[in-house]
Every structure is written in structure tokens, then in C-alpha cells.
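**Student:** Let me begin by handing over the structure; questions about it come next.
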Amino acid sequence: MTSGNVLQVRVDLGPRSYPILIGPGTRSELTQVTRYRSRNPQLVVIADRTVADLHGMALAAALPNPPLVVTFDPGENAKTLAECQRIQEALAAARIERGAVLLTFGGGVAGDLGGFVAATWLRGVAYVQVPTTLLAAIDASVGGKTGVNLTAGKNLVGAFHQPLAVVVDLDFLATLPTRTYTAGLAESVKHALIRDADLLAWHERNADAITARAPDVLAELIARNCAIKAAVVAADEREADLRAILNFGHTIGHALEHLLEYELQHGECVALGMLVENELAQRRGLIDAALADRVRTLLARLGLPVRLPRPVAAVAVQQVCAVDKKTADGAVTFVLLRALGDPVKVRDVTPAEIAAALEVITPT
Ligand SMILES: NC(=O)c1ccc[n+]([C@@H]2O[C@H](COP(=O)([O-])OP(=O)(O)OC[C@H]3O[C@@H](n4cnc5c(N)ncnc54)[C@H](O)[C@@H]3O)[C@@H](O)[C@H]2O)c1
Ligand SMILES: [Zn+2]
């Protein structure tokens, strides 16, 4: 998976297969990637404004043509149909054609919004993901899920649209605030827990280098995570079944995110969600206390929260879980571990079990 200091992971989806390129300076690959059909493609960068200010010049300098740059205000609020329309009006004004290549530049918001713009502009044009957060590099940019939010809920409108490539340039990630970087690590621990026991041990051995963002360790972390996500997506591109295991930690995590009114970042809530879901699994005799403790210790070492900042009512958590979009036939689906690397979907978790398991993250 190496060539020079660029690590490469392939997402195998038949005719929709694509590479993920990871390393410092990988933006230099963008000329070749964007020239997949023509030497002189129209290029559009759809960018988070903060990221455009920090790195837009470096990105543009790596492209074969000067791009049209359309920015949006950072944050989850940009993931709307209105914002999608605003960007597409700009594409229309610039006469962006079918052969154009769009580049999404920023975190998961840029990827989801920009990917959805690409999926729907002229019924679908090519695009490249250039993720700049750890969460986007190891999770959101891989797999082709794009979309926007409605007032009724997150990601309710969307499309599967696979990119031409994902280009992770570590130079862009260097400016990530510590808290945002650390939040992304929760998804890495999640991947290890659902698929890769060895990756969990690797986190434990390298925890200090991970928090220090040692370049080689960071590149390896991203590559190993992309390989896991790519394998899950390749086996189940449209989330018929297996892909749902990626929701480990998220049933509770999403509820906490909502109830804490976004005071905690997504990854921080996923960390807490994994702890609660492990407690659920432990109380059911699926996993032992040693594994649950190992996860708690690791999350704390990585700088992730292991307790809520303020109490949250169990009944509220149960209610939010019940309206979660993973609900089918009125039952909430949980992904629980039955061993390290071996998740199972469970649909009979009771409110009483949720209330009891929440105690594991209740403030002391
Ligand atoms: N499509 C998928 O499969 C998938 C999977 C997981 C998450 N998501 C989505 O991803 C989104 C969250 O992504 P996120 O956590 O990356 O959030 P984000 O895109 O909002 O980025 C977080 C913050 O970091 C800033 N930022 C980004 N890169 C930076 C850099 N290099 N230097 C300095 N600041 C930088 C942004 O301006 C923003 O304020 C959610 O909308 C979620 O639904 C999608
Ligand atoms: Zn997540």
C-alpha cells in the first residue's frame, strides 16, 4: 500500500473503485487525478471557508487549472438544501459542465454537502474528496455517502455517490485544533473495536505518538482506518446489512449529541456512546469487564471524555433513541460487541437497560 511516502488504500467497488492517497504533500497527485477524462477539466472547489483561508492557495497551486472556488460558512448548519442550491446557482453562473471535476475541501461537512452537490449537479458529476479533518479522513470521505440535513433530522436527504479519489494531504490536517483532532480519534477506536483487535493494541502502544500527531503514526492510523472502512463499504456499499456495524457507539452517541445541544463534538459523543454500549454488552454477559475497562482507559489516554459534562436524563436518552432513523418496526437497533472485533446487531434493548448502562458515564 506504499509508494514513496504516499500510502494508498483501494476502495473496491467494481467500476466505481477508487484510491485513497495519504501522506504529506499528496495534493501533488491532484493534477493526475482530475485529468481522468480531459487534460483541461473545468475544476470547482467547494470549500469550508476556514479551510479555504488556511489552505486554499496551496490547493489551487496543485491543480492543473485555476478552479472556481465556492465557499460556505463552517459548521453543520451548512448542510442544507438551501446551501446546496446556492452552490449550484454558482455552478450555473459559471457554466460548469458535465465533464467538470468538483473537489470537496474541508471536514465531513464539506464532503457531505459538496458530495451531494456533485451527486445532483447535472444528475451527477465527478468529484474528489480532499478531507482536512481526521474524522473526514478516516470516516466521512470514504464510502460515497453524501447528503444534507432537514429540520426534521440529520442526513435525511442524500445520495450514494462515489468519488474519483480521496486525497488526504497531511499538510492540511496540521492546522486542526486539538479538540477536533482528538474527536476524530473516537472513530478510529470504533473501527478497531468492530473489526480489528490488532488495531486496538496498536492504539495502546502508540497512544502518545497519536496524541502528538507523529507524522508516520498519523499516516498509518489514517491508512489502517481507511482500509477498514473501505472493506466494510466494499462488502455492503448501500448499507443493506454489514455497513450498519459502523453505527457502533452511535445510537447512544447521537442521542447524547442532541441532548447536550452540540456542546460536545460528534466524536466525543461517540466515545461516550461506545462506553455506554459496552456497559450494555457487559451487563448482558456479551463482553467481560476487562475489555470495557481497556476501552475506557484508551479513550481517556487519547484525551476523549469518559464522563458526561453534565447529567442527562435517562428517559430523554431513551426517547431520542426511539426516534432515531435506525428505528425499524418501532425497535431501536443497537450494535453491541460480543467480543473484540465481533459486533452484533441487537433490537431488544429495554429502557431499563439503557438507564442502568448510562450510569457508567454519569458525572461523579
Ligand atoms: N458521509 C459519511 O459517511 C459521514 C460519516 C461520518 C460523519 N459524516 C458527517 O461529517 C460531518 C462532521 O465532520 P467534521 O467533524 O469533519 O466537521 P466539520 O466539517 O464541520 O469540521 C469541523 C471544524 O473543523 C474546521 N476545520 C476543518 N479542517 C480544518 C483544518 N485542517 N484546520 C483547521 N480547521 C479545520 C472546520 O472549519 C470546522 O469548523 C457531520 O456532518 C457528519 O454527519 C459523514
Ligand atoms: Zn461518527
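FYI, nothing fancy with the C-alpha cells labels: chains A, B, ... in order, residues from 1 per chain, ligands from 1 as they appear.
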Got a sec to check which residues lie within 7 Å of ligand 2, using only C-alpha atoms and all ligand atoms, and send them as a PyMOL selection string?
**Tutor:** chain A and resi 187+250+266-267+270
**Student:** Grab the residues selected above and save them as a PDB file, in the first residue's frame with N, CA and C atoms.
**Tutor:**
```
ATOM      1  N   GLU A 187     -13.546   7.665  16.254  1.00  0.00           N
ATOM      2  CA  GLU A 187     -13.965   6.789  15.145  1.00  0.00           C
ATOM      3  C   GLU A 187     -12.894   5.737  14.867  1.00  0.00           C
ATOM      4  N   HIS A 250     -22.903   4.846  18.120  1.00  0.00           N
ATOM      5  CA  HIS A 250     -23.639   5.978  17.562  1.00  0.00           C
ATOM      6  C   HIS A 250     -25.102   6.048  17.999  1.00  0.00           C
ATOM      7  N   HIS A 266     -19.133  15.531  17.832  1.00  0.00           N
ATOM      8  CA  HIS A 266     -19.648  14.213  17.450  1.00  0.00           C
ATOM      9  C   HIS A 266     -18.761  13.081  17.991  1.00  0.00           C
ATOM     10  N   GLY A 267     -17.467  13.172  17.745  1.00  0.00           N
ATOM     11  CA  GLY A 267     -16.552  12.102  18.167  1.00  0.00           C
ATOM     12  C   GLY A 267     -16.540  11.928  19.680  1.00  0.00           C
ATOM     13  N   VAL A 270     -19.477   9.961  20.482  1.00  0.00           N
ATOM     14  CA  VAL A 270     -19.282   8.562  20.076  1.00  0.00           C
ATOM     15  C   VAL A 270     -18.444   7.835  21.131  1.00  0.00           C
TER      16      VAL A 270
END
```
**Student:** Check which residues of segment 16-117 of chain A sit at most 7 Å from segment 149-160 of chain A using only C-alpha atoms, and return one row each with the closest pair of atoms and their distance in Å to one decimal, ordered by chain and rising number, as a Markdown table.
**Tutor:**
```
| residue | atom | partner | partner_atom | distance |
| --- | --- | --- | --- | --- |
| A:Lys79 | CA | A:Asn149 | CA | 5.6 |
| A:Thr80 | CA | A:Asn149 | CA | 5.5 |
| A:Phe116 | CA | A:Gly158 | CA | 6.5 |
```
**Student:** Identify all residues of segment 110-305 of chain A in strand (DSSP E) (DSSP on the backbone) and supply them as a VMD selection string.
**Tutor:** chain A and resid 126 to 131 145 to 150 153 to 160 165 to 169
**Student:** Nearest to ligand 1 among A:Val295, A:Leu272, A:Ile138, A:Leu7, with distances taken over only C-alpha atoms and all ligand atoms: which residue is it?
**Tutor:**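 Distance minimum relative to ligand 1 lands on A:Ile138.
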**Student:** What lies within 6 Å of segment 281-285 of chain A using only C-alpha atoms, ignoring chain neighbours under 3 positions off, as an mmCIF file with all heavy atoms, in the first residue's frame?
**Tutor:**
```cif
data_model
loop_
_atom_site.group_PDB
_atom_site.id
_atom_site.type_symbol
_atom_site.label_atom_id
_atom_site.label_comp_id
_atom_site.auth_asym_id
_atom_site.auth_seq_id
_atom_site.Cartn_x
_atom_site.Cartn_y
_atom_site.Cartn_z
ATOM 1 N N ASN A 278 -20.866 -0.544 25.537
ATOM 2 C CA ASN A 278 -20.056 -1.636 26.116
ATOM 3 C C ASN A 278 -20.609 -2.067 27.477
ATOM 4 O O ASN A 278 -20.595 -3.249 27.822
ATOM 5 C CB ASN A 278 -18.592 -1.210 26.270
ATOM 6 C CG ASN A 278 -17.837 -1.368 24.960
ATOM 7 O OD1 ASN A 278 -18.355 -1.965 24.009
ATOM 8 N ND2 ASN A 278 -16.633 -0.849 24.911
ATOM 9 N N ASP A 288 -16.558 -9.041 28.614
ATOM 10 C CA ASP A 288 -16.177 -9.018 30.032
ATOM 11 C C ASP A 288 -15.725 -7.619 30.453
ATOM 12 O O ASP A 288 -15.496 -6.739 29.608
ATOM 13 C CB ASP A 288 -15.113 -10.080 30.341
ATOM 14 C CG ASP A 288 -13.890 -9.941 29.467
ATOM 15 O OD1 ASP A 288 -13.657 -8.824 28.959
ATOM 16 O OD2 ASP A 288 -13.168 -10.937 29.302
ATOM 17 N N LEU A 336 -23.792 -3.972 19.376
ATOM 18 C CA LEU A 336 -23.036 -4.271 20.594
ATOM 19 C C LEU A 336 -21.895 -5.212 20.253
ATOM 20 O O LEU A 336 -21.964 -5.981 19.284
ATOM 21 C CB LEU A 336 -23.943 -4.929 21.643
ATOM 22 C CG LEU A 336 -25.168 -4.134 22.108
ATOM 23 C CD1 LEU A 336 -25.934 -4.913 23.176
ATOM 24 C CD2 LEU A 336 -24.786 -2.756 22.638
#
```
**Student:** Any idea what's packed within 7 Å of Glu257 of chain A, counting only C-alpha atoms, ignoring anything in its chain fewer than 4 positions away? Could you give it as a list in words?
**Tutor:**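 So the residues in contact are Gly253, Glu261, Tyr262, Leu264, His266 and Cys269 of chain A.
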**Student:** Please produce an output containing N, CA, C and O atoms for each residue in the selection, written as a tab-separated table (two decimals), in the first residue's frame.
**Tutor:**
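Output file part_39.tsv is given in full below:
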```
chain	number	residue	atom	x	y	z
A	253	GLY	N	-24.55	7.66	21.13
A	253	GLY	CA	-23.76	8.86	20.80
A	253	GLY	C	-24.61	9.96	20.18
A	253	GLY	O	-24.54	11.12	20.59
A	261	GLU	N	-27.13	19.45	23.24
A	261	GLU	CA	-27.25	20.59	22.33
A	261	GLU	C	-25.92	20.95	21.68
A	261	GLU	O	-25.53	22.09	21.58
A	262	TYR	N	-25.21	19.90	21.23
A	262	TYR	CA	-23.98	20.05	20.46
A	262	TYR	C	-22.86	20.75	21.23
A	262	TYR	O	-21.93	21.27	20.64
A	264	LEU	N	-20.86	19.03	23.05
A	264	LEU	CA	-19.76	18.10	22.77
A	264	LEU	C	-19.72	17.82	21.27
A	264	LEU	O	-20.74	17.81	20.60
A	266	HIS	N	-19.13	15.53	17.83
A	266	HIS	CA	-19.65	14.21	17.45
A	266	HIS	C	-18.76	13.08	17.99
A	266	HIS	O	-19.24	12.15	18.64
A	269	CYS	N	-19.05	12.44	21.62
A	269	CYS	CA	-20.29	11.72	21.95
A	269	CYS	C	-20.19	10.25	21.55
A	269	CYS	O	-20.74	9.38	22.24
```
**Student:** Considering only C-alpha atoms, return as a list of chain:residue names whatever protein or nucleic-acid residues lie within 10 Å of segment 238-241 of chain A, sequence-local ones (same chain, fewer than 5 positions apart) excluded.
**Tutor:**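 Close residues of segment 238-241 of chain A: A:Gly143, A:Gly144, A:Lys145, A:Ala159, A:Phe160, A:Val232, A:Val233, A:Leu246, A:Lys345.
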**Student:** For the selection just defined, write its residues with N, CA, C and O atoms to a file, as a PDB file, in the first residue's frame.
**Tutor:**
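So the final result, stored in result.pdb, reads:
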```pdb
ATOM      1  N   GLY A 143     -16.578   6.026   1.223  1.00  0.00           N
ATOM      2  CA  GLY A 143     -17.827   5.262   1.202  1.00  0.00           C
ATOM      3  C   GLY A 143     -18.935   5.835   0.363  1.00  0.00           C
ATOM      4  O   GLY A 143     -19.925   5.167   0.094  1.00  0.00           O
ATOM      5  N   GLY A 144     -18.799   7.101  -0.048  1.00  0.00           N
ATOM      6  CA  GLY A 144     -19.749   7.640  -1.019  1.00  0.00           C
ATOM      7  C   GLY A 144     -21.085   8.094  -0.477  1.00  0.00           C
ATOM      8  O   GLY A 144     -21.990   8.402  -1.245  1.00  0.00           O
ATOM      9  N   LYS A 145     -21.229   8.155   0.851  1.00  0.00           N
ATOM     10  CA  LYS A 145     -22.490   8.699   1.384  1.00  0.00           C
ATOM     11  C   LYS A 145     -22.386  10.210   1.370  1.00  0.00           C
ATOM     12  O   LYS A 145     -21.467  10.780   1.963  1.00  0.00           O
ATOM     13  N   ALA A 159     -27.516  11.047  -1.225  1.00  0.00           N
ATOM     14  CA  ALA A 159     -27.315  10.130  -2.348  1.00  0.00           C
ATOM     15  C   ALA A 159     -26.022   9.368  -2.115  1.00  0.00           C
ATOM     16  O   ALA A 159     -25.103   9.879  -1.463  1.00  0.00           O
ATOM     17  N   PHE A 160     -25.965   8.158  -2.629  1.00  0.00           N
ATOM     18  CA  PHE A 160     -24.689   7.461  -2.688  1.00  0.00           C
ATOM     19  C   PHE A 160     -23.988   7.948  -3.949  1.00  0.00           C
ATOM     20  O   PHE A 160     -24.553   7.865  -5.047  1.00  0.00           O
ATOM     21  N   VAL A 232     -15.526  -2.583   4.717  1.00  0.00           N
ATOM     22  CA  VAL A 232     -16.940  -2.669   5.111  1.00  0.00           C
ATOM     23  C   VAL A 232     -17.821  -2.139   3.979  1.00  0.00           C
ATOM     24  O   VAL A 232     -18.833  -2.744   3.613  1.00  0.00           O
ATOM     25  N   VAL A 233     -17.411  -1.010   3.386  1.00  0.00           N
ATOM     26  CA  VAL A 233     -18.189  -0.410   2.304  1.00  0.00           C
ATOM     27  C   VAL A 233     -18.181  -1.322   1.073  1.00  0.00           C
ATOM     28  O   VAL A 233     -19.207  -1.502   0.409  1.00  0.00           O
ATOM     29  N   LEU A 246     -20.941   0.038  11.472  1.00  0.00           N
ATOM     30  CA  LEU A 246     -20.236   1.309  11.657  1.00  0.00           C
ATOM     31  C   LEU A 246     -20.989   2.218  12.627  1.00  0.00           C
ATOM     32  O   LEU A 246     -20.462   3.229  13.072  1.00  0.00           O
ATOM     33  N   LYS A 345     -25.850  -7.053  15.908  1.00  0.00           N
ATOM     34  CA  LYS A 345     -26.978  -6.117  15.984  1.00  0.00           C
ATOM     35  C   LYS A 345     -28.013  -6.672  16.954  1.00  0.00           C
ATOM     36  O   LYS A 345     -28.347  -7.853  16.918  1.00  0.00           O
TER      37      LYS A 345
END
```
**Student:** Check the smallest atom-to-atom distance from each of A:Ile245, A:Val344, A:Ala183, A:Ala352 to Ala271 of chain A using only C-alpha atoms, then report the winner.
**Tutor:**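 Among the listed residues, the smallest separation from Ala271 of chain A belongs to A:Ala183.
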**Student:** Counting only C-alpha atoms, what is within 10 Å of Asn40 of chain A, bar same-chain residues fewer than 5 positions away, as a ChimeraX atom specification?
**Tutor:** /A:31,34-35,64-65,99-100
**Student:** Using only C-alpha atoms, which protein or nucleic acid residues come within 10 Å of Ser17 of chain A? Drop anything in the same chain fewer than 3 positions from it, and give the result as JSON, numbers by chain.
**Tutor:** {"A": [10, 11, 12, 13, 14, 162, 163, 164, 165, 234]}
**Student:** Hey, can you check how far atom CA of Glu277 of chain A sits from atom CA of Asp236 of chain A?
**Tutor:**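 About the pair atom CA of Glu277 of chain A and atom CA of Asp236 of chain A: they are 23.4 Å apart.
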**Student:** When distances are computed from only C-alpha atoms, which of A:Pro309, A:Gly147, A:Pro41, A:Pro351 shows the smallest separation from Cys84 of chain A?
**Tutor:**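 Of A:Pro309, A:Gly147, A:Pro41, A:Pro351, the one nearest Cys84 of chain A is A:Gly147, counting only C-alpha atoms.
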**Student:** Of the candidates A:Val109, A:Ala322, A:Ala197, A:Ala207, which shows the shortest atom-to-atom distance to ligand 1, using only C-alpha atoms and all ligand atoms?
**Tutor:**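 Nearest to ligand 1: A:Val109.
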**Student:** Nearest residue to ligand 1 out of A:Arg98, A:Arg123, A:Arg301, A:Lys229, using only C-alpha atoms and all ligand atoms?
**Tutor:**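 So, comparing all the options, the nearest one is A:Lys229.
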**Student:** From the options A:Val101, A:Leu91, A:Leu68, A:Ala230, which residue's atoms come nearest to ligand 1, counting only C-alpha atoms and all ligand atoms?
**Tutor:**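 Going through A:Val101, A:Leu91, A:Leu68, A:Ala230 one by one, the smallest distance to ligand 1 is for A:Ala230.
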**Student:** Please build the interface table for segment 98-158 of chain A against segment 50-53 of chain A with a cut-off of 9 Å, listing for each qualifying residue the nearest atom pair and the distance in Å to one decimal; count only C-alpha atoms, order rows by chain and increasing number, and write it as a tab-separated table.
**Tutor:**
```
residue	atom	partner	partner_atom	distance
A:Phe105	CA	A:Val51	CA	7.3
A:Gly106	CA	A:Val51	CA	5.9
A:Gly107	CA	A:Val51	CA	8.7
A:Thr132	CA	A:Val51	CA	7.7
```
**Student:** Please dump the current selection as a short mmCIF file (atom, residue, chain, number, x, y, z; two decimals), in the first residue's frame; keep N, CA and C atoms.
**Tutor:**
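Generated output (result.cif):
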```cif
data_model
loop_
_atom_site.label_atom_id
_atom_site.label_comp_id
_atom_site.auth_asym_id
_atom_site.auth_seq_id
_atom_site.Cartn_x
_atom_site.Cartn_y
_atom_site.Cartn_z
N PHE A 105 -13.50 20.32 -0.09
CA PHE A 105 -12.31 20.71 0.65
C PHE A 105 -12.72 21.17 2.05
N GLY A 106 -12.46 20.33 3.04
CA GLY A 106 -12.81 20.64 4.41
C GLY A 106 -13.08 19.35 5.17
N GLY A 107 -13.83 19.45 6.25
CA GLY A 107 -14.16 18.26 7.04
C GLY A 107 -15.34 17.51 6.45
N THR A 132 -9.99 17.41 5.33
CA THR A 132 -8.99 18.14 6.13
C THR A 132 -9.18 17.96 7.63
#
```
**Student:** Using DSSP on the backbone, list every residue of segment 13-50 of chain A that comes out as helix (DSSP H, G or I), and give them as an NGL selection string.
**Tutor:** :A and (14-16 or 26-34 or 49-50)
**Student:** Any chance you can output those residues with C-alpha atoms as a compact mmCIF listing (two decimals), in the first residue's frame?
**Tutor:**
```txt
# COMPACT_ATOMS: atom_id res chain seq x y z
CA GLY A 14 -16.02 -2.72 -9.33
CA PRO A 15 -16.38 0.08 -11.89
CA ARG A 16 -16.73 2.61 -9.06
CA THR A 26 -0.40 14.30 -1.64
CA ARG A 27 -2.15 17.30 -3.23
CA SER A 28 0.52 16.95 -5.92
CA GLU A 29 -1.44 13.90 -7.12
CA LEU A 30 -4.49 16.04 -7.88
CA THR A 31 -3.34 17.03 -11.37
CA GLN A 32 -3.32 13.42 -12.47
CA VAL A 33 -6.49 12.53 -10.57
CA THR A 34 -8.55 15.39 -12.03
CA ARG A 49 -14.28 28.97 4.47
CA THR A 50 -11.84 28.40 7.35
```
**Student:** What does the distance from atom 18 (P, counted along the ligand's line) of ligand 1 to atom CA of Ala231 of chain A come to in Å, to one decimal?
**Tutor:**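 These two atoms are separated by 24.2 Å.
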